[in-house]
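> Sharing entry-v7.tsv (TSV, C-alpha atoms) below.
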```tsv
chain	number	residue	atom	x	y	z
A	1	MET	CA	90.42	52.62	110.28
A	2	SER	CA	89.28	51.04	107.04
A	3	PRO	CA	90.52	47.52	106.30
A	4	SER	CA	92.66	48.84	103.46
A	5	GLY	CA	94.12	51.75	105.42
A	6	PRO	CA	97.86	52.12	105.97
A	7	LEU	CA	99.44	49.93	108.65
A	8	HIS	CA	102.57	51.96	109.16
A	9	PRO	CA	102.69	55.70	108.67
A	10	ASP	CA	106.08	55.37	107.02
A	11	THR	CA	104.70	53.18	104.24
A	12	PRO	CA	101.76	55.31	103.09
A	13	THR	CA	101.49	53.58	99.70
A	14	SER	CA	101.14	50.12	101.24
A	15	PRO	CA	97.63	49.06	102.25
A	16	ILE	CA	97.42	47.01	105.41
A	17	GLY	CA	99.09	43.69	105.33
A	18	THR	CA	100.17	44.07	101.72
A	19	PRO	CA	103.42	45.97	101.82
A	20	GLY	CA	105.31	45.48	98.58
A	21	LYS	CA	107.77	42.65	98.37
A	22	GLY	CA	110.97	43.43	100.25
A	23	HIS	CA	109.55	46.46	102.03
A	24	HIS	CA	109.85	46.71	105.77
A	25	ALA	CA	109.20	49.24	108.52
A	26	GLU	CA	112.23	51.31	109.46
A	27	GLN	CA	112.69	49.72	112.88
A	28	PHE	CA	113.49	46.37	111.23
A	29	GLY	CA	116.67	45.39	109.43
A	30	SER	CA	114.91	43.31	106.81
A	31	ARG	CA	111.53	42.08	105.60
A	32	GLU	CA	112.24	38.63	107.07
A	33	GLN	CA	112.97	40.15	110.46
A	34	GLN	CA	109.69	42.06	110.41
A	35	VAL	CA	107.71	38.92	109.49
A	36	PHE	CA	109.42	36.97	112.24
A	37	ALA	CA	108.78	39.72	114.81
A	38	ARG	CA	105.04	39.55	114.03
A	39	SER	CA	104.95	35.79	114.54
A	40	PHE	CA	107.03	36.01	117.69
A	41	GLY	CA	104.79	38.74	119.10
A	42	MET	CA	101.72	36.59	118.44
A	43	TRP	CA	103.28	33.62	120.21
A	44	VAL	CA	104.23	35.71	123.22
A	45	PHE	CA	100.63	36.95	123.32
A	46	ILE	CA	99.30	33.38	123.12
A	47	ALA	CA	101.66	32.29	125.90
A	48	SER	CA	100.33	35.10	128.09
A	49	GLU	CA	96.79	33.96	127.23
A	50	PHE	CA	97.59	30.52	128.71
A	51	LEU	CA	98.15	32.32	131.98
A	52	PHE	CA	94.89	34.25	131.52
A	53	PHE	CA	92.92	30.99	131.46
A	54	GLY	CA	95.28	29.34	133.98
A	55	PRO	CA	93.70	30.60	137.24
A	56	LEU	CA	90.26	29.36	136.14
A	57	LEU	CA	91.77	25.95	135.39
A	58	PHE	CA	93.43	25.95	138.80
A	59	ALA	CA	90.15	26.86	140.50
A	60	TYR	CA	88.61	23.92	138.65
A	61	PHE	CA	91.46	21.65	139.83
A	62	TYR	CA	90.76	22.72	143.43
A	63	LEU	CA	87.03	22.10	143.01
A	64	ARG	CA	87.56	18.63	141.53
A	65	LEU	CA	89.85	17.71	144.46
A	66	HIS	CA	87.45	18.91	147.16
A	67	PHE	CA	84.02	18.29	145.61
A	68	PRO	CA	84.40	15.27	143.30
A	69	GLU	CA	80.78	14.13	143.64
A	70	ALA	CA	79.39	17.62	143.11
A	71	CYS	CA	81.52	18.03	139.95
A	72	ALA	CA	80.20	14.75	138.55
A	73	ALA	CA	76.60	15.62	139.45
A	74	ALA	CA	76.88	19.12	137.94
A	75	SER	CA	78.67	17.92	134.80
A	76	ARG	CA	75.80	15.49	134.13
A	77	HIS	CA	73.53	18.54	133.91
A	78	THR	CA	75.49	20.03	130.97
A	79	ASP	CA	74.34	19.34	127.42
A	80	PHE	CA	76.60	16.48	126.23
A	81	LEU	CA	75.35	16.49	122.63
A	82	ALA	CA	75.64	20.25	122.15
A	83	GLY	CA	79.12	20.27	123.70
A	84	THR	CA	80.34	17.43	121.50
A	85	VAL	CA	78.88	18.93	118.31
A	86	ASN	CA	80.43	22.28	119.23
A	87	THR	CA	83.84	20.64	119.66
A	88	ALA	CA	83.55	19.14	116.16
A	89	VAL	CA	82.44	22.53	114.78
A	90	LEU	CA	85.44	24.28	116.32
A	91	LEU	CA	87.92	21.62	115.15
A	92	THR	CA	86.52	21.95	111.61
A	93	SER	CA	86.77	25.74	111.77
A	94	SER	CA	90.43	25.33	112.70
A	95	LEU	CA	90.96	23.22	109.58
A	96	LEU	CA	89.39	26.01	107.48
A	97	ALA	CA	91.64	28.60	109.15
A	98	ALA	CA	94.68	26.45	108.38
A	99	LEU	CA	93.49	26.04	104.75
A	100	ALA	CA	93.08	29.83	104.54
A	101	GLY	CA	96.69	30.22	105.68
A	102	HIS	CA	97.72	27.75	103.01
A	103	ALA	CA	95.64	29.45	100.29
A	104	ALA	CA	97.14	32.84	101.17
A	105	GLU	CA	100.62	31.53	100.37
A	106	ALA	CA	99.82	31.46	96.66
A	107	GLU	CA	100.13	34.54	94.44
A	108	GLY	CA	97.52	36.59	92.63
A	109	ALA	CA	93.88	37.62	92.85
A	110	GLY	CA	92.56	34.04	92.80
A	111	ALA	CA	94.50	33.17	95.94
A	112	ARG	CA	93.30	36.39	97.54
A	113	ARG	CA	89.64	35.49	96.94
A	114	ARG	CA	90.12	31.87	98.00
A	115	ALA	CA	91.73	32.94	101.29
A	116	ALA	CA	88.92	35.46	101.89
A	117	ARG	CA	86.24	32.80	101.29
A	118	LEU	CA	87.94	30.36	103.67
A	119	LEU	CA	88.23	33.04	106.35
A	120	VAL	CA	84.52	33.86	106.01
A	121	ALA	CA	83.72	30.13	106.32
A	122	THR	CA	85.90	29.96	109.45
A	123	ALA	CA	84.04	32.90	110.99
A	124	ALA	CA	80.70	31.33	109.99
A	125	LEU	CA	81.53	28.15	111.90
A	126	GLY	CA	82.55	30.34	114.84
A	127	LEU	CA	79.08	31.90	114.72
A	128	VAL	CA	77.50	28.41	114.61
A	129	PHE	CA	79.48	27.60	117.76
A	130	LEU	CA	78.27	30.76	119.51
A	131	ALA	CA	74.64	30.10	118.49
A	132	LEU	CA	74.78	26.57	119.89
A	133	LYS	CA	76.45	27.87	123.05
A	134	GLY	CA	73.65	30.42	123.42
A	135	TYR	CA	71.09	27.62	123.05
A	136	GLU	CA	72.90	25.72	125.83
A	137	TYR	CA	72.95	28.80	128.08
A	138	HIS	CA	69.22	29.22	127.48
A	139	GLY	CA	68.56	25.65	128.61
A	140	GLU	CA	70.73	26.06	131.69
A	141	PHE	CA	68.97	29.27	132.70
A	142	ALA	CA	65.62	27.48	132.31
A	143	GLU	CA	66.84	24.63	134.55
A	144	HIS	CA	67.91	27.12	137.26
A	145	LEU	CA	71.57	26.20	136.84
A	146	PHE	CA	72.92	29.76	136.81
A	147	PRO	CA	74.80	30.34	140.09
A	148	GLY	CA	73.14	32.75	142.48
A	149	ALA	CA	70.01	33.00	144.60
A	150	GLY	CA	68.00	31.14	141.94
A	151	PHE	CA	70.32	28.13	141.75
A	152	ARG	CA	68.02	25.11	142.16
A	153	PRO	CA	69.20	21.97	140.35
A	154	GLU	CA	66.40	19.43	140.16
A	155	GLY	CA	66.32	16.71	142.80
A	156	VAL	CA	69.33	17.89	144.83
A	157	LEU	CA	68.53	18.14	148.54
A	158	ASP	CA	71.98	17.92	150.10
A	159	ASP	CA	73.32	21.42	150.86
A	160	ARG	CA	76.98	20.53	150.49
A	161	LEU	CA	76.37	18.81	147.14
A	162	ARG	CA	74.35	21.76	145.87
A	163	GLY	CA	77.04	24.21	147.01
A	164	GLY	CA	79.71	22.29	145.11
A	165	MET	CA	77.49	22.12	142.03
A	166	GLU	CA	76.95	25.86	142.21
A	167	LEU	CA	80.73	26.40	142.26
A	168	PHE	CA	81.07	24.08	139.26
A	169	PHE	CA	78.50	26.09	137.31
A	170	LEU	CA	80.16	29.33	138.35
A	171	LEU	CA	83.36	28.05	136.74
A	172	TYR	CA	81.40	26.65	133.78
A	173	PHE	CA	79.91	30.04	132.96
A	174	LEU	CA	83.20	31.88	133.60
A	175	MET	CA	85.27	29.53	131.44
A	176	THR	CA	82.83	29.17	128.55
A	177	GLY	CA	82.02	32.90	128.72
A	178	LEU	CA	85.69	33.90	128.54
A	179	HIS	CA	86.17	31.42	125.71
A	180	ALA	CA	83.15	32.80	123.83
A	181	LEU	CA	84.59	36.31	124.25
A	182	HIS	CA	87.87	35.16	122.70
A	183	LEU	CA	86.00	33.42	119.90
A	184	SER	CA	84.05	36.62	119.16
A	185	VAL	CA	87.33	38.49	118.81
A	186	GLY	CA	88.55	35.76	116.44
A	187	ILE	CA	85.37	36.00	114.34
A	188	GLY	CA	85.84	39.76	114.10
A	189	ALA	CA	89.50	39.34	113.08
A	190	CYS	CA	88.64	36.79	110.37
A	191	LEU	CA	85.85	38.93	108.89
A	192	TRP	CA	87.97	42.09	109.02
A	193	LEU	CA	90.84	40.31	107.29
A	194	ALA	CA	88.51	38.79	104.68
A	195	ALA	CA	87.05	42.24	103.94
A	196	GLY	CA	90.58	43.56	103.41
A	197	LEU	CA	91.46	40.64	101.13
A	198	ARG	CA	88.42	41.22	98.90
A	199	HIS	CA	89.55	44.72	98.03
A	200	PRO	CA	92.91	44.58	96.27
A	201	PRO	CA	95.14	47.66	96.50
A	202	GLU	CA	94.54	50.22	93.81
A	203	GLY	CA	97.06	50.73	91.05
A	204	GLY	CA	99.87	48.44	89.95
A	205	ALA	CA	99.98	44.68	89.93
A	206	ASP	CA	98.02	42.74	92.55
A	207	PRO	CA	100.63	41.58	95.06
A	208	GLY	CA	98.36	38.75	96.21
A	209	PRO	CA	97.12	38.12	99.74
A	210	ASP	CA	99.16	39.05	102.78
A	211	LYS	CA	100.00	35.57	103.97
A	212	GLU	CA	101.46	36.71	107.30
A	213	ALA	CA	98.27	38.47	108.42
A	214	VAL	CA	96.19	35.38	107.56
A	215	GLU	CA	98.74	33.21	109.35
A	216	LEU	CA	98.55	35.34	112.52
A	217	ALA	CA	94.73	35.34	112.58
A	218	GLY	CA	94.94	31.56	112.16
A	219	LEU	CA	97.35	31.24	115.10
A	220	TYR	CA	94.92	33.08	117.35
A	221	TRP	CA	92.00	30.97	116.07
A	222	HIS	CA	93.88	27.72	116.76
A	223	PHE	CA	94.72	28.91	120.26
A	224	VAL	CA	91.03	29.49	121.01
A	225	ASP	CA	90.38	26.01	119.61
A	226	VAL	CA	93.01	24.48	121.93
A	227	VAL	CA	91.39	26.15	124.96
A	228	TRP	CA	88.07	24.52	124.07
A	229	VAL	CA	89.76	21.15	123.53
A	230	PHE	CA	90.68	21.23	127.24
A	231	LEU	CA	87.39	22.71	128.46
A	232	TYR	CA	85.37	19.97	126.74
A	233	PRO	CA	86.46	16.96	128.88
A	234	LEU	CA	86.65	19.07	132.04
A	235	LEU	CA	83.12	20.47	131.78
A	236	TYR	CA	81.10	17.95	129.78
A	237	LEU	CA	82.59	14.50	130.40
A	238	VAL	CA	82.81	14.23	134.21
A	239	GLY	CA	80.75	11.44	135.76
A	240	ARG	CA	78.88	10.59	132.55
A	241	ALA	CA	79.00	6.87	133.36
A	242	GLY	CA	76.80	7.41	136.43
A	243	ALA	CA	77.24	8.05	140.12
B	1	MET	CA	93.70	16.06	96.84
B	2	GLU	CA	96.38	18.69	96.60
B	3	ARG	CA	99.55	17.30	98.10
B	4	ALA	CA	100.33	20.27	100.36
B	5	ILE	CA	97.00	20.27	102.18
B	6	ARG	CA	96.96	16.51	102.82
B	7	PRO	CA	98.56	16.83	106.31
B	8	LEU	CA	95.91	19.41	107.25
B	9	ILE	CA	93.03	17.12	106.19
B	10	LEU	CA	94.58	14.09	107.89
B	11	THR	CA	95.10	16.06	111.10
B	12	TRP	CA	91.46	17.18	111.03
B	13	LEU	CA	90.30	13.56	110.58
B	14	ALA	CA	92.54	12.45	113.45
B	15	LEU	CA	91.08	15.22	115.64
B	16	LEU	CA	87.52	14.05	114.90
B	17	VAL	CA	88.44	10.41	115.63
B	18	LEU	CA	90.01	11.49	118.94
B	19	LEU	CA	86.86	13.47	119.76
B	20	ALA	CA	84.70	10.39	119.13
B	21	LEU	CA	87.08	8.33	121.28
B	22	THR	CA	86.96	10.71	124.26
B	23	ALA	CA	83.19	11.24	123.98
B	24	GLY	CA	82.59	7.48	123.85
B	25	ALA	CA	85.03	6.58	126.62
B	26	ALA	CA	83.30	9.02	128.98
B	27	TRP	CA	80.25	6.72	129.07
B	28	LEU	CA	82.25	3.71	130.33
B	29	ARG	CA	82.46	3.41	134.09
B	30	LEU	CA	86.23	3.50	134.66
B	31	GLY	CA	86.57	5.74	137.72
B	32	TRP	CA	89.62	8.02	137.68
B	33	VAL	CA	90.69	6.50	134.35
B	34	ASN	CA	87.82	8.48	132.71
B	35	THR	CA	89.51	11.73	133.68
B	36	ALA	CA	92.92	10.41	132.62
B	37	ILE	CA	91.59	9.45	129.17
B	38	GLY	CA	89.85	12.82	128.76
B	39	LEU	CA	92.98	14.80	129.62
B	40	ALA	CA	95.32	12.55	127.61
B	41	VAL	CA	93.13	12.85	124.50
B	42	ALA	CA	92.88	16.62	125.01
B	43	LEU	CA	96.68	16.79	125.23
B	44	VAL	CA	97.13	14.81	122.00
B	45	LYS	CA	94.53	16.99	120.23
B	46	ALA	CA	96.24	20.19	121.46
B	47	LEU	CA	99.63	18.88	120.28
B	48	LEU	CA	98.20	18.02	116.83
B	49	VAL	CA	96.73	21.52	116.50
B	50	ALA	CA	99.94	23.18	117.74
B	51	LEU	CA	102.35	21.12	115.62
B	52	VAL	CA	100.40	20.95	112.34
B	53	PHE	CA	97.82	23.78	112.24
B	54	MET	CA	100.00	26.27	114.13
B	55	ARG	CA	103.07	25.00	112.27
B	56	LEU	CA	105.23	24.55	115.36
B	57	ARG	CA	106.66	21.40	113.74
B	58	ARG	CA	108.75	23.47	111.36
B	59	ALA	CA	108.79	26.74	113.31
B	60	HIS	CA	111.85	28.70	114.38
B	61	GLY	CA	113.23	27.66	117.77
B	62	LEU	CA	112.33	30.99	119.32
B	63	LEU	CA	108.64	30.51	118.49
B	64	ARG	CA	108.64	27.03	120.03
B	65	LEU	CA	110.39	28.47	123.07
B	66	ALA	CA	107.68	31.16	123.44
B	67	ALA	CA	104.96	28.49	123.36
B	68	LEU	CA	106.90	26.31	125.79
B	69	ALA	CA	107.51	29.25	128.14
B	70	GLY	CA	103.75	29.78	128.45
B	71	VAL	CA	103.11	26.11	129.25
B	72	ALA	CA	106.06	25.90	131.64
B	73	THR	CA	105.03	29.03	133.53
B	74	LEU	CA	101.49	27.70	133.88
B	75	ALA	CA	102.83	24.36	135.17
B	76	LEU	CA	105.07	26.18	137.65
B	77	LEU	CA	102.17	28.26	138.98
B	78	PHE	CA	100.02	25.10	139.26
B	79	ILE	CA	102.73	23.34	141.27
B	80	LEU	CA	103.44	26.27	143.58
B	81	SER	CA	99.74	27.01	144.19
B	82	GLY	CA	99.09	23.29	144.56
B	83	THR	CA	101.46	23.00	147.50
B	84	ASP	CA	98.86	25.03	149.39
B	85	TYR	CA	95.46	24.39	147.86
B	86	ALA	CA	95.88	20.74	146.87
B	87	THR	CA	97.12	19.75	150.34
B	88	ARG	CA	94.85	21.92	152.49
B	89	THR	CA	92.08	20.17	154.38
B	90	ASP	CA	88.51	21.12	153.59
B	91	VAL	CA	87.09	24.05	155.55
B	92	PRO	CA	83.39	24.98	155.65
B	93	ALA	CA	82.48	27.42	152.90
B	94	PRO	CA	80.18	30.42	153.42
B	95	PHE	CA	77.44	28.88	151.27
B	96	GLN	CA	76.95	25.95	153.65
B	97	GLN	CA	73.95	26.02	155.95
B	98	PRO	CA	74.72	26.41	159.69
B	99	SER	CA	73.40	22.89	160.28
B	100	THR	CA	76.12	21.38	158.10
B	101	VAL	CA	78.95	23.40	159.65
B	102	MET	CA	80.77	22.13	162.69
B	103	PRO	CA	79.69	24.04	165.85
B	104	ARG	CA	82.19	26.59	167.01
B	105	LEU	CA	83.94	26.24	170.37
B	106	GLY	CA	81.80	27.40	173.27
B	107	GLU	CA	78.53	27.15	171.33
B	108	GLY	CA	75.70	24.86	172.32
B	109	HIS	CA	76.82	24.48	175.94
B	110	GLY	CA	74.75	27.33	177.36
B	111	PRO	CA	72.37	26.92	180.31
```
Kindly transcribe the structure held in the file into structure tokens.

Amino acid sequence: MSPSGPLHPDTPTSPIGTPGKGHHAEQFGSREQQVFARSFGMWVFIASEFLFFGPLLFAYFYLRLHFPEACAAASRHTDFLAGTVNTAVLLTSSLLAALAGHAAEAEGAGARRRAARLLVATAALGLVFLALKGYEYHGEFAEHLFPGAGFRPEGVLDDRLRGGMELFFLLYFLMTGLHALHLSVGIGACLWLAAGLRHPPEGGADPGPDKEAVELAGLYWHFVDVVWVFLYPLLYLVGRAGA
Amino acid sequence: MERAIRPLILTWLALLVLLALTAGAAWLRLGWVNTAIGLAVALVKALLVALVFMRLRRAHGLLRLAALAGVATLALLFILSGTDYATRTDVPAPFQQPSTVMPRLGEGHGP
């Protein structure tokens, strides 16, 4: 479906996300109700996403309780600088997503272009994050830190310690991988939305950007940001002060 | 600076200051307090993002309830699972070498 294709079959003249003012799909009583239903649906989705990441966090909790030394030793092998810079990159991208939501509230073609630019900038910072994450993964593969038969952290002779470290890195790759997957979806959503915003609907006055669609993409982006905010201290900051 | 975006900028600055705080504190040798600081700062950062960026501060009650339901359900599952996993004594895992695992009953007493 093209970015400017119809969202609802019953509103064929309304390009996606830009139904005329006051219009609503037939299952809703009013435009306000439809807008609220979209936000509510997004929040229910985000709440279910908490539970998607939850089991991994619980596995981490179990590992920290039973292998505290191994967690500290393994965490010292992660790239502190890259993780910290990536956190700053993601927090900044969240600001840009919030600014895009704010820009989309204004009327007219100028607001439409401004929101599109901010969304592209948000997605660009997401790509910077993924690139840096890939660089980290590359370093960890080179140091034999990927769990499996080749797991050989340097200078670790104790079997129990190495086993715990392997479990830590299993969770590290699962958590950061799942997060990167979510971020990729967010990047796609931002770019798709920006592409739709750059092409105003044909004919008639420009109704301006669809602020609800930008708002919903922003909600998802902020959620992915919040997940990383918790992953950062759990994966990168354990045992930094030394054994 | 445009008046309406000032809270967004200020929140972003606060988030970066909190990041510097948690990254710096991790290098002090404080024991379990390190973990407490890391999680407390993460909680404050998440609340800032949720309340300001995700607009929960002025959101309809039903939206706040949906967010809270997710957190509460996660907490409930942590508590219920924790009654087992957090209190269970350590058992040897399959990855451990035989030499590090306690001998089983009846082994090592052969002729």
> Counting all atoms listed in the file, which residues of chain A sit at most 9 Å from some atom of chain B, and what is each one's closest atom pair with its distance in Å to one decimal, listed by chain and rising residue number, as a Markdown table?

```
| residue | atom | partner | partner_atom | distance |
| --- | --- | --- | --- | --- |
| A:Phe36 | CA | B:His60 | CA | 8.9 |
| A:Ser39 | CA | B:Leu63 | CA | 7.6 |
| A:Phe40 | CA | B:Leu63 | CA | 5.8 |
| A:Trp43 | CA | B:Ala66 | CA | 6.0 |
| A:Val44 | CA | B:Ala66 | CA | 5.7 |
| A:Ile46 | CA | B:Ala67 | CA | 7.5 |
| A:Ala47 | CA | B:Gly70 | CA | 4.1 |
| A:Ser48 | CA | B:Gly70 | CA | 6.3 |
| A:Glu49 | CA | B:Gly70 | CA | 8.2 |
| A:Phe50 | CA | B:Gly70 | CA | 6.2 |
| A:Leu51 | CA | B:Leu74 | CA | 6.0 |
| A:Gly54 | CA | B:Leu74 | CA | 6.4 |
| A:Pro55 | CA | B:Phe78 | CA | 8.6 |
| A:Phe58 | CA | B:Phe78 | CA | 6.7 |
| A:Phe61 | CA | B:Ala86 | CA | 8.4 |
| A:Tyr62 | CA | B:Ala86 | CA | 6.5 |
| A:Leu65 | CA | B:Ala86 | CA | 7.2 |
| A:His66 | CA | B:Asp90 | CA | 6.9 |
| A:Phe80 | CA | B:Ala23 | CA | 8.7 |
| A:Thr84 | CA | B:Ala23 | CA | 7.3 |
| A:Thr87 | CA | B:Leu19 | CA | 7.8 |
| A:Ala88 | CA | B:Leu16 | CA | 6.6 |
| A:Leu91 | CA | B:Trp12 | CA | 7.0 |
| A:Thr92 | CA | B:Trp12 | CA | 6.9 |
| A:Ser94 | CA | B:Phe53 | CA | 7.6 |
| A:Leu95 | CA | B:Trp12 | CA | 6.2 |
| A:Ala97 | CA | B:Phe53 | CA | 8.4 |
| A:Ala98 | CA | B:Phe53 | CA | 5.6 |
| A:Leu99 | CA | B:Ile5 | CA | 7.2 |
| A:His102 | CA | B:Ile5 | CA | 7.6 |
| A:Asp159 | CA | B:Gln96 | CA | 6.4 |
| A:Arg160 | CA | B:Gln96 | CA | 6.3 |
| A:Gly163 | CA | B:Phe95 | CA | 6.3 |
| A:Glu215 | CA | B:Met54 | CA | 8.5 |
| A:Gly218 | CA | B:Met54 | CA | 7.6 |
| A:Leu219 | CA | B:Met54 | CA | 5.7 |
| A:His222 | CA | B:Met54 | CA | 6.8 |
| A:Phe223 | CA | B:Ala50 | CA | 8.2 |
| A:Asp225 | CA | B:Val49 | CA | 8.4 |
| A:Val226 | CA | B:Ala46 | CA | 5.4 |
| A:Val227 | CA | B:Ala46 | CA | 8.4 |
| A:Val229 | CA | B:Ala42 | CA | 5.7 |
| A:Phe230 | CA | B:Ala42 | CA | 5.6 |
| A:Leu231 | CA | B:Ala42 | CA | 8.9 |
| A:Tyr232 | CA | B:Ala42 | CA | 8.4 |
| A:Pro233 | CA | B:Gly38 | CA | 5.4 |
| A:Leu234 | CA | B:Gly38 | CA | 7.7 |
| A:Leu237 | CA | B:Ala26 | CA | 5.7 |
| A:Val238 | CA | B:Thr35 | CA | 7.2 |
| A:Gly239 | CA | B:Ala26 | CA | 7.6 |
| A:Arg240 | CA | B:Trp27 | CA | 5.4 |
| A:Ala241 | CA | B:Trp27 | CA | 4.5 |
| A:Gly242 | CA | B:Arg29 | CA | 7.3 |
```
> Determine the nearest neighbour of His138 in chain A from the options A:Asp79, A:Glu202, A:Glu212, A:Asp158, counting only C-alpha atoms.
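So, comparing all the options, the nearest one is A:Asp79.
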> Could you list, as an MDAnalysis selection string, every residue within 9 Å of His144 in chain A, counting all atoms listed in the file and ignoring same-chain residues fewer than 5 positions away?
chainID A and resid 139 150:154
> Do a neighbour search on range 109-119 of chain A at 8 Å with only C-alpha atoms, toss out local chain neighbours closer than 5 positions, and write the hits as a list of chain:residue names.
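My list of contacting residues is A:Leu96, A:Ala97, A:Leu99, A:Ala100, A:Gly101, A:Ala103, A:Ala104, A:Cys190, A:Leu191, A:Leu193, A:Ala194, A:Ala195, A:Leu197, A:Arg198, A:Pro200, A:Asp206, A:Gly208, A:Pro209.
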> Find the residues near range 123-133 of chain A: any atom within 6 Å, counting only C-alpha atoms, skip ones fewer than 5 places away on the same chain, and give them as a PyMOL selection string.
chain A and resi 86+93+187
> CA of Leu167 in chain A and CA of Pro147 in chain A, how far apart in Å?
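Result for CA of Pro147 in chain A versus CA of Leu167 in chain A: 7.4 Å, one decimal.
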> Hey, can you check how far CA of Phe28 in chain A sits from CA of Gly41 in chain A?
14.0 Å
> By how many Å are CA of Gly61 in chain B and CA of Ala106 in chain A apart?
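So the two atoms, CA of Gly61 in chain B and CA of Ala106 in chain A, lie 25.3 Å apart.
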> Can you pull out every residue within 8 Å of Tyr220 in chain A, counting only C-alpha atoms, but drop anything in the same chain fewer than 4 positions away, and send it as a PyMOL selection string?
chain A and resi 42+46+186+216+224
